[in-house]
file target.cif (mmCIF, C-alpha atoms)
data_my_file
loop_
_atom_site.label_atom_id
_atom_site.label_comp_id
_atom_site.auth_asym_id
_atom_site.auth_seq_id
_atom_site.Cartn_x
_atom_site.Cartn_y
_atom_site.Cartn_z
CA MET A 1 40.13 72.66 8.21
CA THR A 2 41.44 72.33 11.71
CA THR A 3 44.38 70.19 12.56
CA ILE A 4 45.00 68.38 15.79
CA GLU A 5 48.27 69.32 17.44
CA ALA A 6 50.92 66.66 17.55
CA PRO A 7 51.12 65.04 20.97
CA ARG A 8 53.33 66.76 23.53
CA THR A 9 53.79 69.86 21.42
CA PRO A 10 55.34 72.45 23.74
CA ALA A 11 52.87 75.19 24.65
CA ALA A 12 55.15 77.95 23.44
CA LYS A 13 57.94 77.31 20.96
CA PRO A 14 60.95 79.51 21.70
CA GLN A 15 60.76 82.41 19.28
CA ARG A 16 63.84 82.83 17.11
CA ARG A 17 64.74 86.48 17.28
CA ARG A 18 65.43 88.07 13.97
CA GLY A 19 68.50 90.13 13.20
CA ILE A 20 72.00 89.89 14.57
CA ASN A 21 72.63 87.35 17.29
CA TRP A 22 74.48 89.62 19.73
CA GLU A 23 75.11 86.87 22.25
CA LYS A 24 76.91 84.76 19.67
CA TRP A 25 78.99 87.62 18.28
CA GLY A 26 79.69 88.89 21.78
CA TRP A 27 81.00 85.48 22.75
CA MET A 28 83.18 85.30 19.64
CA TYR A 29 84.44 88.86 20.21
CA MET A 30 85.54 87.95 23.74
CA ARG A 31 87.56 84.98 22.43
CA ALA A 32 89.12 86.79 19.50
CA SER A 33 89.94 90.04 21.33
CA GLY A 34 91.21 88.06 24.31
CA VAL A 35 93.87 86.35 22.22
CA VAL A 36 94.96 89.61 20.57
CA LEU A 37 94.97 91.46 23.92
CA VAL A 38 97.41 88.96 25.44
CA VAL A 39 99.95 90.00 22.80
CA LEU A 40 99.09 93.72 22.94
CA ILE A 41 99.12 94.02 26.75
CA PHE A 42 102.30 92.05 27.38
CA GLY A 43 104.03 93.82 24.48
CA HIS A 44 102.96 97.16 25.99
CA LEU A 45 104.16 96.20 29.46
CA PHE A 46 107.48 94.87 28.18
CA VAL A 47 108.30 97.92 26.08
CA ASN A 48 107.29 100.37 28.82
CA LEU A 49 108.67 98.66 31.91
CA VAL A 50 111.40 96.20 30.96
CA ALA A 51 113.06 97.02 27.63
CA GLY A 52 115.97 99.49 27.48
CA GLU A 53 116.44 101.42 30.72
CA GLY A 54 113.38 99.82 32.25
CA VAL A 55 110.74 101.69 34.22
CA LYS A 56 113.05 104.69 34.77
CA ALA A 57 112.73 105.59 31.10
CA ILE A 58 109.10 106.62 31.42
CA ASP A 59 108.57 110.35 31.29
CA PHE A 60 106.81 112.82 29.04
CA ALA A 61 109.48 112.48 26.37
CA PHE A 62 109.19 108.69 26.35
CA VAL A 63 105.41 108.76 25.91
CA ALA A 64 105.58 111.58 23.37
CA GLY A 65 108.20 109.66 21.42
CA LYS A 66 106.00 106.57 21.33
CA LEU A 67 102.91 108.49 20.23
CA ALA A 68 104.86 110.11 17.42
CA ASP A 69 105.56 106.68 15.94
CA PRO A 70 102.73 105.40 13.68
CA PHE A 71 103.45 101.81 14.84
CA TRP A 72 102.69 102.67 18.47
CA VAL A 73 99.71 104.81 17.47
CA VAL A 74 98.12 101.77 15.80
CA TRP A 75 99.18 99.54 18.73
CA ASP A 76 97.68 101.87 21.34
CA THR A 77 94.49 102.39 19.33
CA LEU A 78 93.95 98.64 19.08
CA LEU A 79 94.76 98.22 22.76
CA LEU A 80 92.30 100.96 23.74
CA TRP A 81 89.37 99.76 21.64
CA LEU A 82 89.77 96.02 22.12
CA ALA A 83 90.38 96.23 25.89
CA LEU A 84 87.62 98.74 26.61
CA ILE A 85 84.97 96.90 24.64
CA HIS A 86 86.19 93.58 26.06
CA GLY A 87 85.83 94.93 29.59
CA ALA A 88 82.50 96.62 28.91
CA ASN A 89 81.07 93.44 27.42
CA GLY A 90 82.24 91.52 30.48
CA MET A 91 80.47 94.03 32.74
CA ARG A 92 77.35 93.77 30.58
CA THR A 93 77.42 90.02 31.16
CA LEU A 94 77.74 90.52 34.92
CA VAL A 95 74.79 92.92 34.92
CA ASN A 96 72.70 90.49 32.87
CA ASP A 97 73.55 87.76 35.38
CA TYR A 98 72.97 89.60 38.62
CA ALA A 99 70.69 92.60 38.07
CA THR A 100 67.23 91.08 38.18
CA ASN A 101 65.29 94.32 38.50
CA PRO A 102 64.58 95.58 34.94
CA THR A 103 64.98 99.26 35.86
CA VAL A 104 68.26 98.72 37.69
CA ARG A 105 69.46 96.59 34.78
CA ARG A 106 68.62 99.27 32.23
CA ILE A 107 70.34 101.98 34.29
CA LEU A 108 73.49 99.89 34.78
CA LEU A 109 73.67 98.83 31.12
CA GLY A 110 73.16 102.47 30.08
CA ALA A 111 75.90 103.62 32.44
CA ILE A 112 78.32 101.02 31.05
CA LEU A 113 77.53 102.04 27.47
CA ALA A 114 77.86 105.77 28.22
CA SER A 115 81.16 105.44 30.08
CA THR A 116 82.56 103.20 27.33
CA VAL A 117 81.65 105.69 24.63
CA VAL A 118 83.12 108.61 26.61
CA LEU A 119 86.36 106.76 27.37
CA LEU A 120 86.76 105.55 23.79
CA THR A 121 86.23 109.07 22.43
CA LEU A 122 88.64 110.67 24.92
CA GLY A 123 91.26 107.98 24.42
CA THR A 124 91.10 108.13 20.65
CA LEU A 125 91.29 111.94 20.75
CA VAL A 126 94.42 111.80 22.92
CA ILE A 127 96.13 109.28 20.64
CA TYR A 128 95.46 111.22 17.43
CA THR A 129 95.59 114.87 18.53
CA PHE A 130 98.56 114.51 20.85
CA ASP A 131 101.20 117.23 20.47
CA PRO A 132 104.62 115.83 21.38
CA CYS A 133 106.25 119.28 21.27
CA PRO A 134 104.03 121.73 23.19
CA ALA A 135 105.27 125.31 22.82
CA GLY A 136 107.01 127.07 25.69
CA GLN A 137 108.12 123.97 27.59
CA PRO A 138 111.66 123.31 28.88
CA ALA A 139 113.68 121.52 26.22
CA ASP A 140 115.00 118.82 28.58
CA LEU A 141 111.47 117.49 29.13
CA LEU A 142 110.67 117.17 25.42
CA PRO A 143 111.59 114.38 23.00
CA SER A 144 114.80 114.80 21.03
CA PHE A 145 113.04 115.35 17.69
CA CYS A 146 111.26 118.54 18.83
CA PRO A 147 112.39 121.80 17.16
CA VAL A 148 113.68 123.22 20.49
CA ASN A 149 116.11 120.32 20.76
CA GLN A 150 117.34 120.52 17.17
CA MET B 1 93.67 36.30 46.59
CA THR B 2 92.43 33.84 49.15
CA LEU B 3 88.81 33.01 49.50
CA VAL B 4 87.47 34.09 52.86
CA THR B 5 84.09 32.98 54.08
CA ASP B 6 82.96 35.84 56.22
CA ALA B 7 81.30 34.74 59.38
CA PRO B 8 78.51 37.09 60.59
CA ALA B 9 80.79 38.19 63.41
CA GLU B 10 83.34 39.45 60.91
CA VAL B 11 80.74 41.49 59.10
CA GLY B 12 80.35 43.38 62.35
CA ALA B 13 84.08 44.07 62.12
CA VAL B 14 83.35 46.61 59.43
CA GLN B 15 84.28 49.88 61.04
CA ALA B 16 81.41 51.62 62.76
CA TYR B 17 81.36 55.20 63.96
CA THR B 18 79.04 58.04 64.79
CA ALA B 19 78.66 60.62 62.08
CA THR B 20 76.99 63.98 62.51
CA LEU B 21 74.75 65.10 59.67
CA ILE B 22 73.58 68.69 59.56
CA ILE B 23 70.57 68.80 57.28
CA ARG B 24 68.86 71.89 55.91
CA ARG B 25 65.22 71.39 56.85
CA PHE B 26 62.21 73.20 55.46
CA ASP B 27 58.52 72.48 55.88
CA PRO B 28 56.46 74.99 53.90
CA ASP B 29 53.46 74.46 56.20
CA VAL B 30 55.34 75.39 59.36
CA ASP B 31 58.58 77.22 58.57
CA ALA B 32 59.00 80.65 57.09
CA GLU B 33 62.68 80.01 56.39
CA PRO B 34 64.79 76.86 56.05
CA TYR B 35 66.94 76.00 59.08
CA TRP B 36 69.79 73.59 59.86
CA GLN B 37 69.19 70.60 62.12
CA ASP B 38 71.82 68.11 63.25
CA PHE B 39 71.50 64.37 63.70
CA ASP B 40 73.96 61.85 65.12
CA VAL B 41 73.84 58.52 63.33
CA GLU B 42 75.67 55.25 63.83
CA VAL B 43 77.10 54.35 60.42
CA TYR B 44 79.41 51.72 58.98
CA SER B 45 82.34 52.47 56.75
CA THR B 46 80.44 50.78 53.92
CA ASP B 47 77.46 53.13 54.29
CA ARG B 48 76.54 55.87 51.89
CA VAL B 49 75.01 59.23 52.74
CA LEU B 50 71.69 57.80 51.57
CA ASP B 51 71.95 55.04 54.20
CA ALA B 52 72.49 57.66 56.88
CA LEU B 53 69.45 59.60 55.64
CA HIS B 54 67.42 56.37 55.74
CA LYS B 55 68.53 55.74 59.31
CA ILE B 56 67.48 59.22 60.34
CA LYS B 57 64.11 58.88 58.62
CA TRP B 58 63.41 55.39 59.91
CA GLU B 59 64.80 55.66 63.44
CA GLN B 60 64.91 59.32 64.47
CA ASP B 61 62.68 61.68 62.53
CA GLY B 62 60.08 60.31 60.13
CA SER B 63 59.30 63.77 58.81
CA LEU B 64 62.65 64.05 57.01
CA THR B 65 61.77 64.25 53.32
CA PHE B 66 63.97 63.35 50.37
CA ARG B 67 63.68 61.66 46.99
CA ARG B 68 65.28 58.36 46.14
CA SER B 69 64.21 55.54 43.93
CA CYS B 70 66.70 52.95 42.74
CA ALA B 71 69.34 53.94 45.32
CA HIS B 72 72.09 52.75 42.97
CA GLY B 73 73.05 55.80 40.96
CA ILE B 74 70.87 55.18 37.93
CA CYS B 75 67.49 56.83 38.47
CA GLY B 76 68.92 60.26 39.28
CA SER B 77 66.45 61.03 42.08
CA ASP B 78 68.71 61.83 45.01
CA ALA B 79 71.03 64.57 43.82
CA MET B 80 71.77 66.87 46.76
CA ARG B 81 74.42 69.24 48.02
CA ILE B 82 76.73 67.27 50.30
CA ASN B 83 79.38 69.39 52.00
CA GLY B 84 78.76 72.09 49.40
CA LYS B 85 79.17 69.80 46.40
CA ASN B 86 76.41 68.37 44.23
CA ARG B 87 76.49 64.61 44.65
CA LEU B 88 74.16 61.63 44.48
CA ALA B 89 73.49 60.56 48.08
CA CYS B 90 73.47 56.93 46.90
CA LYS B 91 76.96 57.17 45.37
CA THR B 92 78.73 59.06 48.15
CA LEU B 93 80.39 56.85 50.74
CA ILE B 94 80.53 58.43 54.17
CA LYS B 95 84.08 57.16 54.68
CA ASP B 96 85.17 59.25 51.70
CA LEU B 97 84.03 62.40 53.50
CA ASP B 98 85.86 63.94 56.43
CA ILE B 99 84.05 62.27 59.34
CA SER B 100 85.83 64.30 62.00
CA LYS B 101 83.61 67.17 60.89
CA PRO B 102 79.83 67.21 60.48
CA ILE B 103 78.43 66.39 57.06
CA TYR B 104 76.28 69.17 55.64
CA VAL B 105 73.37 68.01 53.47
CA GLU B 106 70.99 70.37 51.70
CA ALA B 107 68.78 70.48 48.62
CA ILE B 108 70.31 71.36 45.25
CA LYS B 109 70.38 75.10 44.50
CA GLY B 110 68.70 77.13 41.79
CA LEU B 111 65.38 75.26 41.74
CA PRO B 112 62.39 76.14 43.95
CA LEU B 113 62.67 74.40 47.34
CA GLU B 114 59.56 72.37 48.15
CA LYS B 115 60.39 70.49 51.34
CA ASP B 116 63.61 69.50 53.12
CA LEU B 117 65.77 67.99 50.36
CA ILE B 118 63.12 68.10 47.64
CA VAL B 119 63.05 70.78 44.95
CA ASP B 120 60.60 71.44 42.14
CA MET B 121 62.27 69.83 39.12
CA GLU B 122 59.74 71.20 36.62
CA PRO B 123 61.86 74.15 35.35
CA PHE B 124 64.69 71.66 34.82
CA PHE B 125 62.57 69.23 32.80
CA GLU B 126 60.96 72.13 30.97
CA SER B 127 64.29 73.15 29.44
CA TYR B 128 65.11 69.47 28.83
CA ARG B 129 61.89 69.08 26.84
CA SER B 130 62.46 72.24 24.83
CA ILE B 131 65.57 70.85 23.10
CA ASN B 132 63.56 67.98 21.52
CA PRO B 133 65.19 65.08 23.38
CA PHE B 134 64.05 62.41 20.94
CA LEU B 135 65.19 60.99 17.60
CA MET B 136 64.01 63.18 14.72
CA ALA B 137 64.26 61.23 11.49
CA THR B 138 62.20 61.30 8.31
CA SER B 139 63.93 58.39 6.62
CA LYS B 140 62.61 54.89 7.19
CA PRO B 141 65.03 52.11 8.01
CA GLU B 142 65.06 49.18 5.61
CA LYS B 143 62.06 46.93 6.19
CA GLY B 144 62.60 44.68 9.15
CA LYS B 145 65.95 46.30 9.93
CA GLU B 146 67.19 48.80 12.48
CA ARG B 147 69.04 52.01 11.70
CA VAL B 148 72.64 50.95 11.23
CA GLN B 149 75.35 53.03 12.87
CA SER B 150 79.09 52.52 12.78
CA VAL B 151 81.07 52.09 15.99
CA VAL B 152 82.93 55.34 15.28
CA ALA B 153 79.70 57.28 14.75
CA ARG B 154 78.31 55.91 18.00
CA GLU B 155 81.50 56.82 19.84
CA ARG B 156 81.04 60.48 18.85
CA PHE B 157 78.22 61.07 21.35
CA ASP B 158 78.83 58.18 23.74
CA ASP B 159 79.74 60.42 26.68
CA THR B 160 76.47 62.35 26.65
CA THR B 161 74.30 59.22 26.48
CA LYS B 162 75.24 58.57 30.11
CA CYS B 163 73.08 61.39 31.49
CA ILE B 164 70.53 60.32 34.15
CA LEU B 165 68.85 63.75 34.46
CA CYS B 166 69.65 64.12 38.15
CA ALA B 167 70.13 67.92 37.77
CA ALA B 168 73.43 67.86 39.68
CA CYS B 169 75.13 69.76 36.83
CA THR B 170 72.40 72.31 36.14
CA SER B 171 71.97 73.12 39.82
CA SER B 172 75.73 73.58 40.26
CA CYS B 173 75.90 76.18 37.49
CA PRO B 174 76.34 79.76 38.78
CA VAL B 175 74.69 81.12 35.63
CA PHE B 176 71.63 78.95 36.24
CA TRP B 177 71.48 80.11 39.90
CA THR B 178 71.06 83.72 38.86
CA ASP B 179 69.40 83.30 35.47
CA GLY B 180 66.60 80.75 35.59
CA GLN B 181 65.97 81.24 31.87
CA TYR B 182 69.30 79.64 30.92
CA PHE B 183 68.82 76.16 29.42
CA GLY B 184 71.42 74.74 31.79
CA PRO B 185 74.12 72.11 31.24
CA ALA B 186 71.83 69.06 31.36
CA ALA B 187 69.60 70.27 28.52
CA ILE B 188 72.67 71.06 26.39
CA VAL B 189 74.19 67.66 27.18
CA ASN B 190 71.01 65.96 25.98
CA ALA B 191 70.90 68.15 22.89
CA HIS B 192 74.53 67.15 22.23
CA ARG B 193 73.48 63.49 22.43
CA PHE B 194 71.18 63.96 19.40
CA ILE B 195 73.04 66.73 17.54
CA PHE B 196 76.04 64.43 17.05
CA ASP B 197 73.98 61.31 16.34
CA ASP B 198 74.27 60.62 12.60
CA ARG B 199 70.87 58.86 12.53
CA ASP B 200 69.17 62.07 13.67
CA GLU B 201 68.09 64.81 11.25
CA GLY B 202 67.05 67.49 13.73
CA ALA B 203 70.51 68.85 14.56
CA GLN B 204 69.78 72.18 12.85
CA VAL B 205 66.59 72.67 14.87
CA ARG B 206 68.41 72.03 18.15
CA LEU B 207 71.38 74.22 17.20
CA ASP B 208 68.91 77.00 16.41
CA ILE B 209 67.23 76.61 19.79
CA LEU B 210 70.58 76.68 21.62
CA ASN B 211 71.84 79.66 19.60
CA ASP B 212 69.35 81.71 21.60
CA LYS B 213 70.15 84.50 24.06
CA GLU B 214 69.58 82.01 26.90
CA GLY B 215 71.37 79.20 25.07
CA VAL B 216 74.97 78.02 24.99
CA TRP B 217 76.44 81.56 24.96
CA ARG B 218 75.48 81.99 28.61
CA CYS B 219 78.01 79.30 29.52
CA ARG B 220 81.12 80.78 31.18
CA THR B 221 83.08 77.50 31.29
CA THR B 222 83.18 77.42 35.08
CA PHE B 223 83.50 73.60 34.97
CA ASN B 224 81.19 73.26 38.00
CA CYS B 225 78.99 70.96 35.91
CA SER B 226 81.80 68.60 34.90
CA GLU B 227 82.87 68.43 38.53
CA ALA B 228 79.32 67.72 39.72
CA CYS B 229 78.31 65.05 37.21
CA PRO B 230 77.94 61.72 39.06
CA ARG B 231 78.27 59.91 35.72
CA GLY B 232 81.59 61.53 34.88
CA ILE B 233 80.28 63.22 31.74
CA GLN B 234 82.61 65.93 30.42
CA VAL B 235 79.75 68.43 30.45
CA THR B 236 81.77 71.58 29.75
CA GLN B 237 83.42 69.89 26.79
CA ALA B 238 80.02 68.85 25.42
CA ILE B 239 78.81 72.46 25.70
CA ALA B 240 81.96 73.69 23.93
CA GLU B 241 81.33 71.18 21.12
CA VAL B 242 77.79 72.48 20.71
CA LYS B 243 79.15 76.06 20.56
CA GLN B 244 81.56 75.02 17.83
CA ALA B 245 78.78 73.24 15.95
CA ILE B 246 76.70 76.44 16.03
CA LEU B 247 79.64 78.46 14.67
CA ARG B 248 80.21 75.86 11.95
CA GLY B 249 76.49 75.76 11.22
CA LYS B 250 76.44 71.97 11.29
CA PRO B 251 77.44 69.17 13.70
#
call {"tool": "encode", "arguments": {"input": "target.cif", "output": "structure tokens"}}
result
Amino acid sequence: MTTIEAPRTPAAKPQRRRGINWEKWGWMYMRASGVVLVVLIFGHLFVNLVAGEGVKAIDFAFVAGKLADPFWVVWDTLLLWLALIHGANGMRTLVNDYATNPTVRRILLGAILASTVVLLTLGTLVIYTFDPCPAGQPADLLPSFCPVNQ
Amino acid sequence: MTLVTDAPAEVGAVQAYTATLIIRRFDPDVDAEPYWQDFDVEVYSTDRVLDALHKIKWEQDGSLTFRRSCAHGICGSDAMRINGKNRLACKTLIKDLDISKPIYVEAIKGLPLEKDLIVDMEPFFESYRSINPFLMATSKPEKGKERVQSVVARERFDDTTKCILCAACTSSCPVFWTDGQYFGPAAIVNAHRFIFDDRDEGAQVRLDILNDKEGVWRCRTTFNCSEACPRGIQVTQAIAEVKQAILRGKP
């Protein structure tokens, strides 16, 4: 049996793509990470540049001291991952908007993905394998808890 | 207030001045590229941009091409870019513009230019049609009765019923300029009108359509659409409400 199409049926119904709706989750990620990043970034700036002695306090010992504290390790890890993915997703959006040539678009999106992965790996490695007391360095440059300063 | 019977002479007392209109012309049969042409027109302070365009067409250059129908801000035919902003020519008073400078008039952006101020509206109506802009209801109202709706329920989508489909919002959207696949603000506004109508049963279908890659998530809340709407619809807010409805899974 053949049926007659209902009047004014659109020629092609938009196909619902199966699987995860990346646009929706991407949009939600931008909102959620944005709110968290406001706290993380301004907290980071305040502690590094304003609190205590201010910007003068920043040296190797200051950074090493922070990275030896599990609180700042978690803080910096969150900051790194949320900000990098937030930025990369923003750049992906720009490319989707303005790169009309499919080849150029694929190259740019690939470059964004690759650089994000490299930066995330390097950053995470630095945070977790950082040695605050490298051997053979002058004691006055190292944090106070290093064996040379004990 | 005192009643004044205006003599014809006093009508002439309405301020008159010469305005310069610089119009972006394009005739596909002759021109390879659009070009700007200026016209000096005698206008009154009560005139609208549409009146100036009429004067040019009727008295100076009959080849000037533009759409207009009702000329009173209801039919939505004469949306154009006036001094860089999407406006209805029939609702923009010349005295509200800066007359010391020329008035730039061009076709709306993002849709294929056909001639002078006329664009091909088909892509715009295409995305309008694809959101099912009609009441979808399986239930039958009581015999001889209409579908009853409370005042509060009607209020919920009142703002988006005002749309006249002039395309001022969609053609002001920077995402639509670069991505012609995007549904555009007008289609989402008209989806909003039915999604939040409690007599309609097709909300889920429309939310599904707008949850697409080219749906509401393309919106960057630039607010160009709200600024452009000649009917004062809070377009960006309507889009945000549709986004929330998609996240909730129901209107």
call {"tool": "resolve_selection", "arguments": {"input": "target.cif", "expression": "the PyMOL selection byres ((chain A) within 7 of (chain B))", "output": "list of chain:residue names"}}
result
A:Glu23, A:Lys24, A:Trp27, A:Asp97, A:Tyr98
call {"tool": "resolve_selection", "arguments": {"input": "target.cif", "expression": "the PyMOL selection byres ((chain A and resi 89) around 10)", "output": "mmCIF file with C-alpha atoms, keeping the file's coordinate frame"}}
result
data_model
loop_
_atom_site.group_PDB
_atom_site.id
_atom_site.type_symbol
_atom_site.label_atom_id
_atom_site.label_comp_id
_atom_site.auth_asym_id
_atom_site.auth_seq_id
_atom_site.Cartn_x
_atom_site.Cartn_y
_atom_site.Cartn_z
ATOM 1 C CA GLY A 26 79.690 88.890 21.780
ATOM 2 C CA TRP A 27 81.000 85.480 22.750
ATOM 3 C CA TYR A 29 84.440 88.860 20.210
ATOM 4 C CA MET A 30 85.540 87.950 23.740
ATOM 5 C CA ALA A 83 90.380 96.230 25.890
ATOM 6 C CA LEU A 84 87.620 98.740 26.610
ATOM 7 C CA ILE A 85 84.970 96.900 24.640
ATOM 8 C CA HIS A 86 86.190 93.580 26.060
ATOM 9 C CA GLY A 87 85.830 94.930 29.590
ATOM 10 C CA ALA A 88 82.500 96.620 28.910
ATOM 11 C CA GLY A 90 82.240 91.520 30.480
ATOM 12 C CA MET A 91 80.470 94.030 32.740
ATOM 13 C CA ARG A 92 77.350 93.770 30.580
ATOM 14 C CA THR A 93 77.420 90.020 31.160
ATOM 15 C CA LEU A 94 77.740 90.520 34.920
ATOM 16 C CA VAL A 95 74.790 92.920 34.920
ATOM 17 C CA LEU A 109 73.670 98.830 31.120
ATOM 18 C CA ILE A 112 78.320 101.020 31.050
ATOM 19 C CA LEU A 113 77.530 102.040 27.470
ATOM 20 C CA THR A 116 82.560 103.200 27.330
#
call {"tool": "resolve_selection", "arguments": {"input": "target.cif", "expression": "the PyMOL selection byres ((chain A and resi 72) around 12)", "output": "PyMOL selection string"}}
result
chain A and resi 40+43-44+47-48+62-71+73-80+127-128
call {"tool": "residues_around", "arguments": {"input": "target.cif", "residues": "B:Asp47", "least_positions_apart": "3", "cutoff": "7 Å", "atoms": "all atoms listed in the file", "output": "list in words"}}
result
Val43, Tyr44, Asp51, Leu93 and Ile94 of chain B
call {"tool": "write_last_selection", "arguments": {"input": "target.cif", "atoms": "C-alpha atoms", "output": "PDB file, in the coordinates of the input"}}
result
ATOM      1  CA  VAL B  43      77.100  54.350  60.420  1.00  0.00           C
ATOM      2  CA  TYR B  44      79.410  51.720  58.980  1.00  0.00           C
ATOM      3  CA  ASP B  51      71.950  55.040  54.200  1.00  0.00           C
ATOM      4  CA  LEU B  93      80.390  56.850  50.740  1.00  0.00           C
ATOM      5  CA  ILE B  94      80.530  58.430  54.170  1.00  0.00           C
TER       6      ILE B  94
END
call {"tool": "atom_distance", "arguments": {"input": "target.cif", "atom1": "atom CA of B:Glu201", "atom2": "atom CA of B:Met136"}}
result
5.6 Å
call {"tool": "atom_distance", "arguments": {"input": "target.cif", "atom1": "atom CA of B:Asp159", "atom2": "atom CA of B:Glu106"}}
result
28.3 Å
call {"tool": "atom_distance", "arguments": {"input": "target.cif", "atom1": "atom CA of B:Ala245", "atom2": "atom CA of B:Ala191"}}
result
11.7 Å
call {"tool": "residues_around", "arguments": {"input": "target.cif", "residues": "B:Gln237", "least_positions_apart": "6", "cutoff": "10 Å", "atoms": "all atoms listed in the file", "output": "NGL selection string"}}
result
:B and (189 or 221 or 223 or 226 or 243)
call {"tool": "decode", "arguments": {"input": "target.cif", "residues": "stretch 191-197 of chain B", "atoms": "all heavy atoms", "output": "PDB file, in the first residue's frame"}}
result
ATOM      1  N   ALA B 191       9.605  29.033  17.223  1.00  0.00           N
ATOM      2  CA  ALA B 191       9.516  27.755  17.925  1.00  0.00           C
ATOM      3  C   ALA B 191       9.107  28.014  19.373  1.00  0.00           C
ATOM      4  O   ALA B 191       8.239  27.322  19.922  1.00  0.00           O
ATOM      5  CB  ALA B 191      10.857  27.031  17.871  1.00  0.00           C
ATOM      6  N   HIS B 192       9.725  29.032  19.986  1.00  0.00           N
ATOM      7  CA  HIS B 192       9.394  29.419  21.360  1.00  0.00           C
ATOM      8  C   HIS B 192       7.888  29.688  21.495  1.00  0.00           C
ATOM      9  O   HIS B 192       7.259  29.281  22.466  1.00  0.00           O
ATOM     10  CB  HIS B 192      10.193  30.673  21.718  1.00  0.00           C
ATOM     11  CG  HIS B 192       9.945  31.229  23.095  1.00  0.00           C
ATOM     12  ND1 HIS B 192       8.816  31.949  23.413  1.00  0.00           N
ATOM     13  CD2 HIS B 192      10.671  31.165  24.230  1.00  0.00           C
ATOM     14  CE1 HIS B 192       8.871  32.312  24.688  1.00  0.00           C
ATOM     15  NE2 HIS B 192       9.989  31.841  25.209  1.00  0.00           N
ATOM     16  N   ARG B 193       7.305  30.330  20.503  1.00  0.00           N
ATOM     17  CA  ARG B 193       5.896  30.683  20.546  1.00  0.00           C
ATOM     18  C   ARG B 193       5.019  29.435  20.706  1.00  0.00           C
ATOM     19  O   ARG B 193       3.959  29.490  21.332  1.00  0.00           O
ATOM     20  CB  ARG B 193       5.516  31.449  19.264  1.00  0.00           C
ATOM     21  CG  ARG B 193       4.096  31.957  19.213  1.00  0.00           C
ATOM     22  CD  ARG B 193       3.295  31.155  18.197  1.00  0.00           C
ATOM     23  NE  ARG B 193       1.880  31.442  18.305  1.00  0.00           N
ATOM     24  CZ  ARG B 193       1.078  30.805  19.151  1.00  0.00           C
ATOM     25  NH1 ARG B 193       1.562  29.906  19.977  1.00  0.00           N
ATOM     26  NH2 ARG B 193      -0.211  31.091  19.188  1.00  0.00           N
ATOM     27  N   PHE B 194       5.438  28.301  20.122  1.00  0.00           N
ATOM     28  CA  PHE B 194       4.631  27.081  20.245  1.00  0.00           C
ATOM     29  C   PHE B 194       5.108  26.174  21.374  1.00  0.00           C
ATOM     30  O   PHE B 194       4.318  25.475  21.992  1.00  0.00           O
ATOM     31  CB  PHE B 194       4.617  26.318  18.918  1.00  0.00           C
ATOM     32  CG  PHE B 194       3.752  26.996  17.889  1.00  0.00           C
ATOM     33  CD1 PHE B 194       4.309  27.769  16.897  1.00  0.00           C
ATOM     34  CD2 PHE B 194       2.372  26.878  17.954  1.00  0.00           C
ATOM     35  CE1 PHE B 194       3.511  28.419  15.969  1.00  0.00           C
ATOM     36  CE2 PHE B 194       1.564  27.526  17.028  1.00  0.00           C
ATOM     37  CZ  PHE B 194       2.139  28.294  16.031  1.00  0.00           C
ATOM     38  N   ILE B 195       6.441  26.182  21.638  1.00  0.00           N
ATOM     39  CA  ILE B 195       6.971  25.321  22.698  1.00  0.00           C
ATOM     40  C   ILE B 195       6.310  25.672  24.031  1.00  0.00           C
ATOM     41  O   ILE B 195       5.981  24.799  24.830  1.00  0.00           O
ATOM     42  CB  ILE B 195       8.506  25.472  22.792  1.00  0.00           C
ATOM     43  CG1 ILE B 195       9.171  24.817  21.583  1.00  0.00           C
ATOM     44  CG2 ILE B 195       9.037  24.857  24.086  1.00  0.00           C
ATOM     45  CD1 ILE B 195      10.645  25.132  21.440  1.00  0.00           C
ATOM     46  N   PHE B 196       6.104  26.967  24.283  1.00  0.00           N
ATOM     47  CA  PHE B 196       5.567  27.379  25.577  1.00  0.00           C
ATOM     48  C   PHE B 196       4.050  27.615  25.547  1.00  0.00           C
ATOM     49  O   PHE B 196       3.493  28.194  26.466  1.00  0.00           O
ATOM     50  CB  PHE B 196       6.311  28.625  26.074  1.00  0.00           C
ATOM     51  CG  PHE B 196       7.744  28.343  26.417  1.00  0.00           C
ATOM     52  CD1 PHE B 196       8.757  28.559  25.495  1.00  0.00           C
ATOM     53  CD2 PHE B 196       8.081  27.794  27.650  1.00  0.00           C
ATOM     54  CE1 PHE B 196      10.076  28.269  25.797  1.00  0.00           C
ATOM     55  CE2 PHE B 196       9.396  27.508  27.964  1.00  0.00           C
ATOM     56  CZ  PHE B 196      10.392  27.741  27.029  1.00  0.00           C
ATOM     57  N   ASP B 197       3.407  27.155  24.464  1.00  0.00           N
ATOM     58  CA  ASP B 197       1.952  27.243  24.379  1.00  0.00           C
ATOM     59  C   ASP B 197       1.361  25.961  24.953  1.00  0.00           C
ATOM     60  O   ASP B 197       1.631  24.868  24.441  1.00  0.00           O
ATOM     61  CB  ASP B 197       1.554  27.411  22.903  1.00  0.00           C
ATOM     62  CG  ASP B 197       0.060  27.665  22.739  1.00  0.00           C
ATOM     63  OD1 ASP B 197      -0.704  27.314  23.665  1.00  0.00           O
ATOM     64  OD2 ASP B 197      -0.332  28.207  21.687  1.00  0.00           O
TER      65      ASP B 197
END
